[in-house]
>>> print(open('work22.cif').read())   # mmCIF, C-alpha atoms and all ligand atoms
data_upload
loop_
_atom_site.group_PDB
_atom_site.id
_atom_site.type_symbol
_atom_site.label_atom_id
_atom_site.label_comp_id
_atom_site.auth_asym_id
_atom_site.auth_seq_id
_atom_site.Cartn_x
_atom_site.Cartn_y
_atom_site.Cartn_z
ATOM 1 C CA MET A 79 -10.267 21.899 -19.487
ATOM 2 C CA ASP A 80 -10.202 23.326 -15.981
ATOM 3 C CA LYS A 81 -10.589 21.115 -12.894
ATOM 4 C CA SER A 82 -14.350 21.441 -12.593
ATOM 5 C CA GLU A 83 -14.829 20.518 -16.279
ATOM 6 C CA LEU A 84 -12.459 17.591 -15.864
ATOM 7 C CA LYS A 85 -14.467 16.382 -12.860
ATOM 8 C CA LYS A 86 -17.741 16.595 -14.807
ATOM 9 C CA GLU A 87 -16.262 14.662 -17.741
ATOM 10 C CA ILE A 88 -14.802 11.993 -15.454
ATOM 11 C CA LEU A 89 -18.160 11.442 -13.762
ATOM 12 C CA LYS A 90 -19.901 11.280 -17.156
ATOM 13 C CA LEU A 91 -17.414 8.782 -18.594
ATOM 14 C CA LYS A 92 -17.512 6.711 -15.435
ATOM 15 C CA LYS A 93 -21.277 6.274 -15.799
ATOM 16 C CA GLU A 94 -21.188 5.618 -19.549
ATOM 17 C CA LYS A 95 -18.505 2.956 -19.187
ATOM 18 C CA ASN A 96 -19.744 1.378 -15.952
ATOM 19 C CA ALA A 97 -16.367 2.049 -14.350
ATOM 20 C CA THR A 98 -15.323 2.284 -10.708
ATOM 21 C CA ILE A 99 -12.556 4.618 -9.603
ATOM 22 C CA VAL A 100 -10.544 3.406 -6.654
ATOM 23 C CA ALA A 101 -7.872 5.507 -4.988
ATOM 24 C CA HIS A 102 -5.120 4.635 -2.537
ATOM 25 C CA TYR A 103 -4.781 6.749 0.609
ATOM 26 C CA TYR A 104 -1.505 8.169 -0.773
ATOM 27 C CA GLN A 105 -3.119 9.682 -3.897
ATOM 28 C CA ASN A 106 -3.488 13.419 -4.567
ATOM 29 C CA ASP A 107 -6.497 14.921 -2.747
ATOM 30 C CA GLU A 108 -8.320 15.658 -6.022
ATOM 31 C CA ILE A 109 -8.181 11.952 -6.909
ATOM 32 C CA GLN A 110 -9.268 10.765 -3.469
ATOM 33 C CA GLU A 111 -12.135 13.243 -3.617
ATOM 34 C CA ILE A 112 -13.562 11.922 -6.902
ATOM 35 C CA ALA A 113 -12.927 8.221 -6.190
ATOM 36 C CA ASP A 114 -15.758 5.783 -5.462
ATOM 37 C CA ILE A 115 -13.625 3.935 -2.937
ATOM 38 C CA ARG A 116 -10.545 4.984 -0.945
ATOM 39 C CA GLY A 117 -8.410 2.545 0.956
ATOM 40 C CA ASP A 118 -5.212 0.573 1.255
ATOM 41 C CA SER A 119 -4.160 -1.601 -1.666
ATOM 42 C CA LEU A 120 -5.714 -4.837 -0.469
ATOM 43 C CA ALA A 121 -9.029 -3.335 0.633
ATOM 44 C CA LEU A 122 -9.297 -1.617 -2.750
ATOM 45 C CA ALA A 123 -8.579 -4.785 -4.730
ATOM 46 C CA ILE A 124 -11.091 -6.780 -2.656
ATOM 47 C CA GLU A 125 -13.818 -4.126 -2.729
ATOM 48 C CA ALA A 126 -13.397 -3.581 -6.470
ATOM 49 C CA SER A 127 -13.776 -7.318 -7.109
ATOM 50 C CA LYS A 128 -17.195 -7.277 -5.430
ATOM 51 C CA LEU A 129 -18.615 -4.590 -7.710
ATOM 52 C CA ASP A 130 -20.348 -5.354 -10.984
ATOM 53 C CA SER A 131 -18.450 -2.651 -12.879
ATOM 54 C CA ASP A 132 -16.731 -3.547 -16.160
ATOM 55 C CA ILE A 133 -13.737 -1.298 -15.582
ATOM 56 C CA ILE A 134 -11.655 -0.624 -12.480
ATOM 57 C CA VAL A 135 -9.536 2.510 -12.718
ATOM 58 C CA PHE A 136 -6.832 1.910 -10.135
ATOM 59 C CA CYS A 137 -5.360 5.174 -8.899
ATOM 60 C CA GLY A 138 -2.286 3.892 -7.162
ATOM 61 C CA VAL A 139 0.973 2.301 -8.272
ATOM 62 C CA LYS A 140 1.517 -0.616 -10.639
ATOM 63 C CA PHE A 141 1.745 -3.519 -8.181
ATOM 64 C CA MET A 142 -1.644 -2.467 -6.754
ATOM 65 C CA ALA A 143 -3.328 -2.497 -10.169
ATOM 66 C CA GLU A 144 -1.716 -5.887 -10.871
ATOM 67 C CA THR A 145 -3.132 -7.279 -7.616
ATOM 68 C CA ALA A 146 -6.588 -5.983 -8.590
ATOM 69 C CA LYS A 147 -6.261 -7.716 -11.985
ATOM 70 C CA VAL A 148 -5.238 -10.993 -10.342
ATOM 71 C CA ILE A 149 -8.283 -10.821 -8.057
ATOM 72 C CA SER A 150 -10.629 -9.703 -10.881
ATOM 73 C CA PRO A 151 -9.222 -11.262 -14.068
ATOM 74 C CA LYS A 152 -12.436 -10.702 -16.039
ATOM 75 C CA LYS A 153 -12.502 -6.975 -15.380
ATOM 76 C CA LYS A 154 -10.602 -4.385 -17.339
ATOM 77 C CA VAL A 155 -8.128 -2.833 -14.875
ATOM 78 C CA LEU A 156 -6.619 0.507 -15.849
ATOM 79 C CA LEU A 157 -3.600 2.248 -14.343
ATOM 80 C CA PRO A 158 -3.789 5.911 -15.450
ATOM 81 C CA VAL A 159 0.009 6.435 -15.439
ATOM 82 C CA LEU A 160 2.061 3.443 -16.485
ATOM 83 C CA SER A 161 5.290 4.816 -14.994
ATOM 84 C CA ALA A 162 3.710 4.926 -11.510
ATOM 85 C CA GLY A 163 5.903 2.168 -10.129
ATOM 86 C CA CYS A 164 7.245 1.318 -6.695
ATOM 87 C CA PRO A 165 11.011 1.588 -6.048
ATOM 88 C CA LEU A 166 10.628 -0.765 -3.083
ATOM 89 C CA ALA A 167 8.963 -3.461 -5.233
ATOM 90 C CA ASP A 168 11.677 -3.013 -7.861
ATOM 91 C CA THR A 169 14.415 -3.981 -5.371
ATOM 92 C CA ALA A 170 13.170 -7.597 -5.523
ATOM 93 C CA LYS A 171 13.525 -9.132 -8.972
ATOM 94 C CA LYS A 172 12.137 -12.643 -9.388
ATOM 95 C CA GLU A 173 15.468 -14.254 -10.371
ATOM 96 C CA ALA A 174 17.308 -12.642 -7.449
ATOM 97 C CA VAL A 175 14.633 -13.791 -4.993
ATOM 98 C CA LEU A 176 14.865 -17.361 -6.315
ATOM 99 C CA LYS A 177 18.667 -17.228 -6.024
ATOM 100 C CA ARG A 178 18.472 -16.046 -2.413
ATOM 101 C CA LYS A 179 15.924 -18.746 -1.601
ATOM 102 C CA LYS A 180 18.321 -21.378 -2.915
ATOM 103 C CA GLU A 181 21.286 -19.908 -0.979
ATOM 104 C CA LEU A 182 19.210 -20.059 2.198
ATOM 105 C CA ASN A 183 18.230 -23.672 1.591
ATOM 106 C CA ASN A 184 14.610 -23.122 0.595
ATOM 107 C CA PRO A 185 12.818 -21.092 3.250
ATOM 108 C CA ALA A 186 9.172 -20.152 2.597
ATOM 109 C CA ILE A 187 8.772 -16.872 0.734
ATOM 110 C CA VAL A 188 6.479 -14.310 2.324
ATOM 111 C CA SER A 189 6.095 -11.368 0.021
ATOM 112 C CA TYR A 190 4.695 -8.023 0.983
ATOM 113 C CA VAL A 191 2.012 -6.848 -1.476
ATOM 114 C CA ASN A 192 4.565 -4.244 -2.562
ATOM 115 C CA THR A 193 6.130 -6.680 -5.015
ATOM 116 C CA ASN A 194 5.766 -6.957 -8.750
ATOM 117 C CA VAL A 195 3.400 -9.705 -9.867
ATOM 118 C CA ASP A 196 6.133 -12.119 -11.025
ATOM 119 C CA VAL A 197 7.510 -12.238 -7.471
ATOM 120 C CA LYS A 198 4.027 -13.093 -6.212
ATOM 121 C CA THR A 199 4.008 -16.099 -8.572
ATOM 122 C CA ILE A 200 6.931 -17.629 -6.621
ATOM 123 C CA SER A 201 5.672 -16.677 -3.153
ATOM 124 C CA ASP A 202 4.162 -19.024 -0.608
ATOM 125 C CA ILE A 203 1.951 -16.313 0.793
ATOM 126 C CA CYS A 204 1.574 -12.524 0.524
ATOM 127 C CA CYS A 205 1.011 -10.020 3.305
ATOM 128 C CA THR A 206 0.213 -6.349 3.716
ATOM 129 C CA SER A 207 1.461 -4.001 6.400
ATOM 130 C CA ALA A 208 -1.926 -4.517 8.076
ATOM 131 C CA ASN A 209 -1.636 -8.302 8.417
ATOM 132 C CA ALA A 210 2.101 -9.131 8.139
ATOM 133 C CA VAL A 211 2.465 -10.430 11.709
ATOM 134 C CA ASN A 212 -0.678 -12.596 11.480
ATOM 135 C CA VAL A 213 0.338 -13.946 8.069
ATOM 136 C CA VAL A 214 3.820 -15.011 9.196
ATOM 137 C CA LYS A 215 2.362 -16.438 12.412
ATOM 138 C CA SER A 216 -0.175 -18.460 10.394
ATOM 139 C CA ILE A 217 2.244 -20.459 8.292
ATOM 140 C CA LYS A 218 3.770 -23.695 9.516
ATOM 141 C CA GLU A 219 7.270 -22.998 8.161
ATOM 142 C CA LYS A 220 9.764 -21.677 10.726
ATOM 143 C CA ARG A 221 12.282 -20.380 8.178
ATOM 144 C CA ILE A 222 11.063 -17.462 6.093
ATOM 145 C CA LEU A 223 12.503 -15.180 3.454
ATOM 146 C CA PHE A 224 10.602 -11.920 3.846
ATOM 147 C CA VAL A 225 10.647 -9.666 0.771
ATOM 148 C CA PRO A 226 11.165 -6.836 0.008
ATOM 149 C CA ASP A 227 10.818 -4.396 2.941
ATOM 150 C CA LYS A 228 13.521 -4.867 5.573
ATOM 151 C CA ASN A 229 11.858 -2.522 8.068
ATOM 152 C CA LEU A 230 8.496 -4.290 7.933
ATOM 153 C CA GLY A 231 10.319 -7.644 8.026
ATOM 154 C CA GLU A 232 12.293 -6.556 11.079
ATOM 155 C CA TYR A 233 9.073 -5.399 12.757
ATOM 156 C CA VAL A 234 7.536 -8.852 12.161
ATOM 157 C CA LYS A 235 10.720 -10.536 13.403
ATOM 158 C CA GLU A 236 10.604 -8.551 16.644
ATOM 159 C CA GLN A 237 7.148 -9.922 17.422
ATOM 160 C CA LEU A 238 7.627 -13.522 16.304
ATOM 161 C CA LYS A 239 10.738 -14.742 18.058
ATOM 162 C CA ASP A 240 10.102 -18.415 17.246
ATOM 163 C CA LYS A 241 10.511 -17.816 13.490
ATOM 164 C CA GLU A 242 13.800 -17.512 11.648
ATOM 165 C CA ILE A 243 13.170 -14.584 9.318
ATOM 166 C CA PHE A 244 15.670 -13.603 6.619
ATOM 167 C CA LEU A 245 15.328 -10.036 5.407
ATOM 168 C CA TRP A 246 15.632 -8.613 1.917
ATOM 169 C CA ASP A 247 17.660 -5.426 1.594
ATOM 170 C CA GLY A 248 14.806 -3.211 0.362
ATOM 171 C CA ALA A 249 13.172 -0.157 1.868
ATOM 172 C CA CYS A 250 10.570 2.409 0.865
ATOM 173 C CA PRO A 251 12.410 5.675 0.110
ATOM 174 C CA THR A 252 9.540 7.724 1.552
ATOM 175 C CA HIS A 253 9.255 5.888 4.878
ATOM 176 C CA ASP A 254 12.952 5.169 5.304
ATOM 177 C CA GLU A 255 13.654 8.924 5.130
ATOM 178 C CA PHE A 256 11.888 9.806 8.395
ATOM 179 C CA LYS A 257 14.378 11.072 10.972
ATOM 180 C CA VAL A 258 14.107 10.545 14.723
ATOM 181 C CA ASP A 259 15.435 14.088 15.284
ATOM 182 C CA ASP A 260 12.518 15.500 13.281
ATOM 183 C CA LEU A 261 10.148 13.373 15.325
ATOM 184 C CA LYS A 262 11.679 14.622 18.596
ATOM 185 C CA LYS A 263 11.446 18.221 17.403
ATOM 186 C CA LEU A 264 7.733 17.816 16.628
ATOM 187 C CA LYS A 265 7.099 16.098 19.948
ATOM 188 C CA LYS A 266 8.760 19.006 21.748
ATOM 189 C CA GLU A 267 6.484 21.452 19.929
ATOM 190 C CA HIS A 268 3.394 19.260 20.553
ATOM 191 C CA PRO A 269 4.049 17.332 23.778
ATOM 192 C CA GLN A 270 0.485 16.005 24.021
ATOM 193 C CA ALA A 271 0.504 14.559 20.501
ATOM 194 C CA LYS A 272 0.291 10.799 20.003
ATOM 195 C CA ILE A 273 2.811 9.321 17.583
ATOM 196 C CA ALA A 274 1.615 6.894 14.865
ATOM 197 C CA VAL A 275 4.071 5.499 12.321
ATOM 198 C CA HIS A 276 4.029 2.992 9.482
ATOM 199 C CA PRO A 277 6.036 -0.253 9.923
ATOM 200 C CA GLU A 278 7.998 0.575 6.756
ATOM 201 C CA SER A 279 9.783 3.176 8.954
ATOM 202 C CA SER A 280 13.055 2.490 10.750
ATOM 203 C CA LYS A 281 13.280 0.718 14.107
ATOM 204 C CA ALA A 282 14.306 3.940 15.868
ATOM 205 C CA LEU A 283 11.113 5.581 14.681
ATOM 206 C CA ARG A 284 8.917 2.588 15.479
ATOM 207 C CA ASP A 285 10.390 2.386 18.990
ATOM 208 C CA ALA A 286 9.515 6.022 19.634
ATOM 209 C CA ALA A 287 5.890 5.604 18.487
ATOM 210 C CA ASP A 288 2.685 5.093 20.475
ATOM 211 C CA PHE A 289 1.259 3.130 17.558
ATOM 212 C CA VAL A 290 2.768 1.231 14.622
ATOM 213 C CA GLY A 291 0.438 0.252 11.804
ATOM 214 C CA SER A 292 -0.623 0.316 8.183
ATOM 215 C CA THR A 293 -2.422 3.261 6.585
ATOM 216 C CA SER A 294 -5.816 1.861 7.570
ATOM 217 C CA GLY A 295 -4.417 1.054 11.025
ATOM 218 C CA ILE A 296 -3.160 4.621 11.512
ATOM 219 C CA ILE A 297 -6.504 6.065 10.363
ATOM 220 C CA ASN A 298 -8.443 3.820 12.767
ATOM 221 C CA TYR A 299 -6.023 4.565 15.623
ATOM 222 C CA ALA A 300 -6.287 8.341 15.179
ATOM 223 C CA THR A 301 -10.065 8.126 14.874
ATOM 224 C CA ARG A 302 -10.646 6.049 17.999
ATOM 225 C CA THR A 303 -7.958 7.656 20.200
ATOM 226 C CA ASP A 304 -8.992 10.419 22.519
ATOM 227 C CA ALA A 305 -6.271 12.961 21.667
ATOM 228 C CA ASP A 306 -6.348 16.297 19.823
ATOM 229 C CA GLU A 307 -2.995 16.030 18.044
ATOM 230 C CA PHE A 308 -1.106 13.313 16.212
ATOM 231 C CA ILE A 309 2.396 13.052 14.784
ATOM 232 C CA ILE A 310 2.226 10.902 11.664
ATOM 233 C CA GLY A 311 4.973 8.844 10.037
ATOM 234 C CA THR A 312 3.657 7.876 6.627
ATOM 235 C CA GLU A 313 3.044 9.383 3.173
ATOM 236 C CA GLU A 314 1.163 12.647 3.501
ATOM 237 C CA GLY A 315 -1.741 11.647 1.219
ATOM 238 C CA ILE A 316 -3.146 9.953 4.338
ATOM 239 C CA LEU A 317 -4.013 13.421 5.674
ATOM 240 C CA TYR A 318 -7.041 13.535 3.354
ATOM 241 C CA GLU A 319 -8.794 10.635 5.123
ATOM 242 C CA LEU A 320 -7.462 11.563 8.573
ATOM 243 C CA LYS A 321 -8.915 15.080 8.332
ATOM 244 C CA LEU A 322 -12.154 13.872 6.756
ATOM 245 C CA ARG A 323 -12.800 11.494 9.642
ATOM 246 C CA ASN A 324 -11.375 13.770 12.330
ATOM 247 C CA PRO A 325 -12.074 17.388 11.389
ATOM 248 C CA SER A 326 -11.296 18.747 14.852
ATOM 249 C CA LYS A 327 -7.966 16.919 15.315
ATOM 250 C CA LYS A 328 -4.552 18.162 14.204
ATOM 251 C CA PHE A 329 -2.002 16.077 12.295
ATOM 252 C CA TYR A 330 1.695 16.740 11.766
ATOM 253 C CA ILE A 331 3.830 14.810 9.298
ATOM 254 C CA ILE A 332 7.353 14.003 10.568
ATOM 255 C CA GLY A 333 9.833 16.347 8.885
ATOM 256 C CA GLY A 334 6.901 18.421 7.559
ATOM 257 C CA LYS A 335 6.754 16.534 4.285
ATOM 258 C CA ALA A 336 6.644 12.921 3.017
ATOM 259 C CA ILE A 337 5.823 12.447 -0.629
ATOM 260 C CA CYS A 338 5.765 9.328 -2.790
ATOM 261 C CA TYR A 339 6.305 10.882 -6.220
ATOM 262 C CA ASN A 340 4.972 7.815 -8.007
ATOM 263 C CA MET A 341 1.671 8.056 -6.156
ATOM 264 C CA LYS A 342 1.401 11.722 -7.060
ATOM 265 C CA LYS A 343 1.770 11.155 -10.821
ATOM 266 C CA ILE A 344 -1.999 10.734 -11.247
ATOM 267 C CA THR A 345 -3.947 13.978 -11.501
ATOM 268 C CA LEU A 346 -7.484 14.658 -12.760
ATOM 269 C CA LYS A 347 -6.086 15.067 -16.284
ATOM 270 C CA GLU A 348 -4.479 11.600 -16.292
ATOM 271 C CA LEU A 349 -7.593 10.080 -14.755
ATOM 272 C CA TYR A 350 -9.807 11.688 -17.420
ATOM 273 C CA GLU A 351 -7.533 10.489 -20.247
ATOM 274 C CA ALA A 352 -7.341 6.989 -18.780
ATOM 275 C CA LEU A 353 -11.135 6.698 -18.699
ATOM 276 C CA LYS A 354 -11.630 8.242 -22.106
ATOM 277 C CA GLU A 355 -9.028 6.114 -23.896
ATOM 278 C CA GLU A 356 -9.293 3.117 -21.557
ATOM 279 C CA LYS A 357 -5.585 3.133 -20.844
ATOM 280 C CA HIS A 358 -3.296 1.716 -19.556
ATOM 281 C CA GLU A 359 -4.804 -1.706 -19.356
ATOM 282 C CA ILE A 360 -3.074 -4.188 -17.052
ATOM 283 C CA LEU A 361 -2.674 -7.397 -19.046
ATOM 284 C CA LEU A 362 -1.456 -10.574 -17.375
ATOM 285 C CA ASP A 363 -1.275 -14.040 -18.861
ATOM 286 C CA ASP A 364 -3.399 -16.852 -17.409
ATOM 287 C CA GLU A 365 -0.450 -18.657 -15.821
ATOM 288 C CA THR A 366 0.715 -15.520 -14.002
ATOM 289 C CA ILE A 367 -2.810 -14.879 -12.740
ATOM 290 C CA GLU A 368 -3.216 -18.447 -11.562
ATOM 291 C CA LEU A 369 0.147 -18.562 -9.771
ATOM 292 C CA ALA A 370 -0.110 -15.092 -8.213
ATOM 293 C CA LYS A 371 -3.680 -15.716 -7.071
ATOM 294 C CA LYS A 372 -2.671 -18.531 -4.691
ATOM 295 C CA PRO A 373 -0.503 -16.496 -2.253
ATOM 296 C CA ILE A 374 -2.946 -13.564 -2.442
ATOM 297 C CA GLU A 375 -5.955 -15.776 -1.680
ATOM 298 C CA LYS A 376 -4.066 -17.483 1.155
ATOM 299 C CA MET A 377 -3.428 -14.059 2.656
ATOM 300 C CA ILE A 378 -7.038 -12.919 2.242
ATOM 301 C CA ALA A 379 -8.183 -15.975 4.186
ATOM 302 C CA ILE A 380 -6.208 -14.744 7.216
ATOM 303 C CA LYS A 381 -7.620 -12.030 9.406
ATOM 304 C CA ARG A 382 -5.898 -8.652 9.326
HETATM 305 O O1 LIG B 401 -0.815 -1.886 1.141
HETATM 306 C C1 LIG B 401 -0.864 -0.665 1.091
HETATM 307 O O2 LIG B 401 -1.851 -0.070 0.735
HETATM 308 C C2 LIG B 401 0.335 0.106 1.452
HETATM 309 C C3 LIG B 401 1.380 0.187 0.457
HETATM 310 C C4 LIG B 401 0.446 0.687 2.615
HETATM 311 C C5 LIG B 401 -0.520 0.573 3.732
HETATM 312 O O3 LIG B 401 -0.088 0.585 4.853
HETATM 313 O O4 LIG B 401 -1.720 0.489 3.530
#
>>> encode(input="work22.cif", output="structure tokens")
Amino acid sequence: MDKSELKKEILKLKKEKNATIVAHYYQNDEIQEIADIRGDSLALAIEASKLDSDIIVFCGVKFMAETAKVISPKKKVLLPVLSAGCPLADTAKKEAVLKRKKELNNPAIVSYVNTNVDVKTISDICCTSANAVNVVKSIKEKRILFVPDKNLGEYVKEQLKDKEIFLWDGACPTHDEFKVDDLKKLKKEHPQAKIAVHPESSKALRDAADFVGSTSGIINYATRTDADEFIIGTEEGILYELKLRNPSKKFYIIGGKAICYNMKKITLKELYEALKEEKHEILLDDETIELAKKPIEKMIAIKR
């Protein structure tokens, strides 16, 4: 089938099966285009839970689909490509996190949503890049083990000096790769451009930026800021939404390219097959859902 036939079939199946397609901002353009909802992982999981659809097809990576399942346990949640994982999440295995907690004499565990679901079951509270500072600020504990992103953890630490934050040695390979020299080069070529980077980037990059924020934060910043050009430090799938909302503005990705290969594994073909065969269903046992739900719900109760 060619792309236009695939699109027709996907729309037909979606209606027949009462399914909702949600796509993360880092997905391929063709997936973002056909999705019912686009957003960051938390917004997608929350929005999908409000719909009366029977199936949620989560076009993103595994931890995102797991979070959607925890929030909507009665719905069938599908992840079109099972191998779409997150190398950052995989740096924090549950047993290793528990060991570190013990070594540090039991600090509270704040886990970024980019963790596998079993790590959420042992977390005191979760956070996203959009609410990490507010989440850490909100908890009474002073001593915190922040997993797994050391850059985001360091960013939080810089703003909350009264907390003792222990970092995990994990980083996102896509964001950690941005080079300050590439940023400087772009700034020289586009001196008027505003710089917006994700907090998963290194300190050097964050310090050089006009704005540091999550995907939704970067999109809102670029949309409300009165500038014609922006230098962007996050995965390039974000360009789809940035251009859609700001057709007259120009966006340059640091280093010219930033791809999360896991995010790009889903194409129209995989999406079509996932809907047709209802695969790959995310299955979690009741105990995991119950335990993982607590830190996620605690986070949702806090403003972004
Ligand atoms: O939580 C998300 O969606 C991720 C991974 C990034 C972001 O900034 O939105």
>>> axis_aligned_box(input="work22.cif", around="ligand LIG 401 (chain B)", padding_each_side="3 Å", output="JSON")
{"center_x": -0.2, "center_y": -0.6, "center_z": 2.7, "size_x": 9.2, "size_y": 8.6, "size_z": 10.4}
>>> atom_distance(input="work22.cif", atom1="CA of Glu255 (chain A)", atom2="CA of Asp118 (chain A)")
21.0 Å
>>> residues_around(input="work22.cif", residues="region 364-381 of chain A", least_positions_apart="3", cutoff="6 Å", atoms="all atoms listed in the file", output="VMD selection string")
chain A and resid 148 198 to 199 202 to 204
>>> atom_distance(input="work22.cif", atom1="CA of Glu278 (chain A)", atom2="CA of Lys171 (chain A)")
19.3 Å
>>> residues_around(input="work22.cif", residues="region 317-321 of chain A", least_positions_apart="3", cutoff="10 Å", atoms="all atoms listed in the file", output="PyMOL selection string")
chain A and resi 103-108+110-111+116-117+293-294+296-298+300-301+310+312-314+324-331
>>> write_last_selection(input="work22.cif", atoms="C-alpha atoms", output="mmCIF file, keeping the file's coordinate frame")
data_model
loop_
_atom_site.group_PDB
_atom_site.id
_atom_site.type_symbol
_atom_site.label_atom_id
_atom_site.label_comp_id
_atom_site.auth_asym_id
_atom_site.auth_seq_id
_atom_site.Cartn_x
_atom_site.Cartn_y
_atom_site.Cartn_z
ATOM 1 C CA TYR A 103 -4.781 6.749 0.609
ATOM 2 C CA TYR A 104 -1.505 8.169 -0.773
ATOM 3 C CA GLN A 105 -3.119 9.682 -3.897
ATOM 4 C CA ASN A 106 -3.488 13.419 -4.567
ATOM 5 C CA ASP A 107 -6.497 14.921 -2.747
ATOM 6 C CA GLU A 108 -8.320 15.658 -6.022
ATOM 7 C CA GLN A 110 -9.268 10.765 -3.469
ATOM 8 C CA GLU A 111 -12.135 13.243 -3.617
ATOM 9 C CA ARG A 116 -10.545 4.984 -0.945
ATOM 10 C CA GLY A 117 -8.410 2.545 0.956
ATOM 11 C CA THR A 293 -2.422 3.261 6.585
ATOM 12 C CA SER A 294 -5.816 1.861 7.570
ATOM 13 C CA ILE A 296 -3.160 4.621 11.512
ATOM 14 C CA ILE A 297 -6.504 6.065 10.363
ATOM 15 C CA ASN A 298 -8.443 3.820 12.767
ATOM 16 C CA ALA A 300 -6.287 8.341 15.179
ATOM 17 C CA THR A 301 -10.065 8.126 14.874
ATOM 18 C CA ILE A 310 2.226 10.902 11.664
ATOM 19 C CA THR A 312 3.657 7.876 6.627
ATOM 20 C CA GLU A 313 3.044 9.383 3.173
ATOM 21 C CA GLU A 314 1.163 12.647 3.501
ATOM 22 C CA ASN A 324 -11.375 13.770 12.330
ATOM 23 C CA PRO A 325 -12.074 17.388 11.389
ATOM 24 C CA SER A 326 -11.296 18.747 14.852
ATOM 25 C CA LYS A 327 -7.966 16.919 15.315
ATOM 26 C CA LYS A 328 -4.552 18.162 14.204
ATOM 27 C CA PHE A 329 -2.002 16.077 12.295
ATOM 28 C CA TYR A 330 1.695 16.740 11.766
ATOM 29 C CA ILE A 331 3.830 14.810 9.298
#
>>> atom_distance(input="work22.cif", atom1="CA of Met142 (chain A)", atom2="CA of Leu122 (chain A)")
8.7 Å
>>> closest_residue(input="work22.cif", among="A:Val159, A:Gly311, A:Leu91, A:Ala113", to="Met341 (chain A)", atoms="only C-alpha atoms")
A:Val159
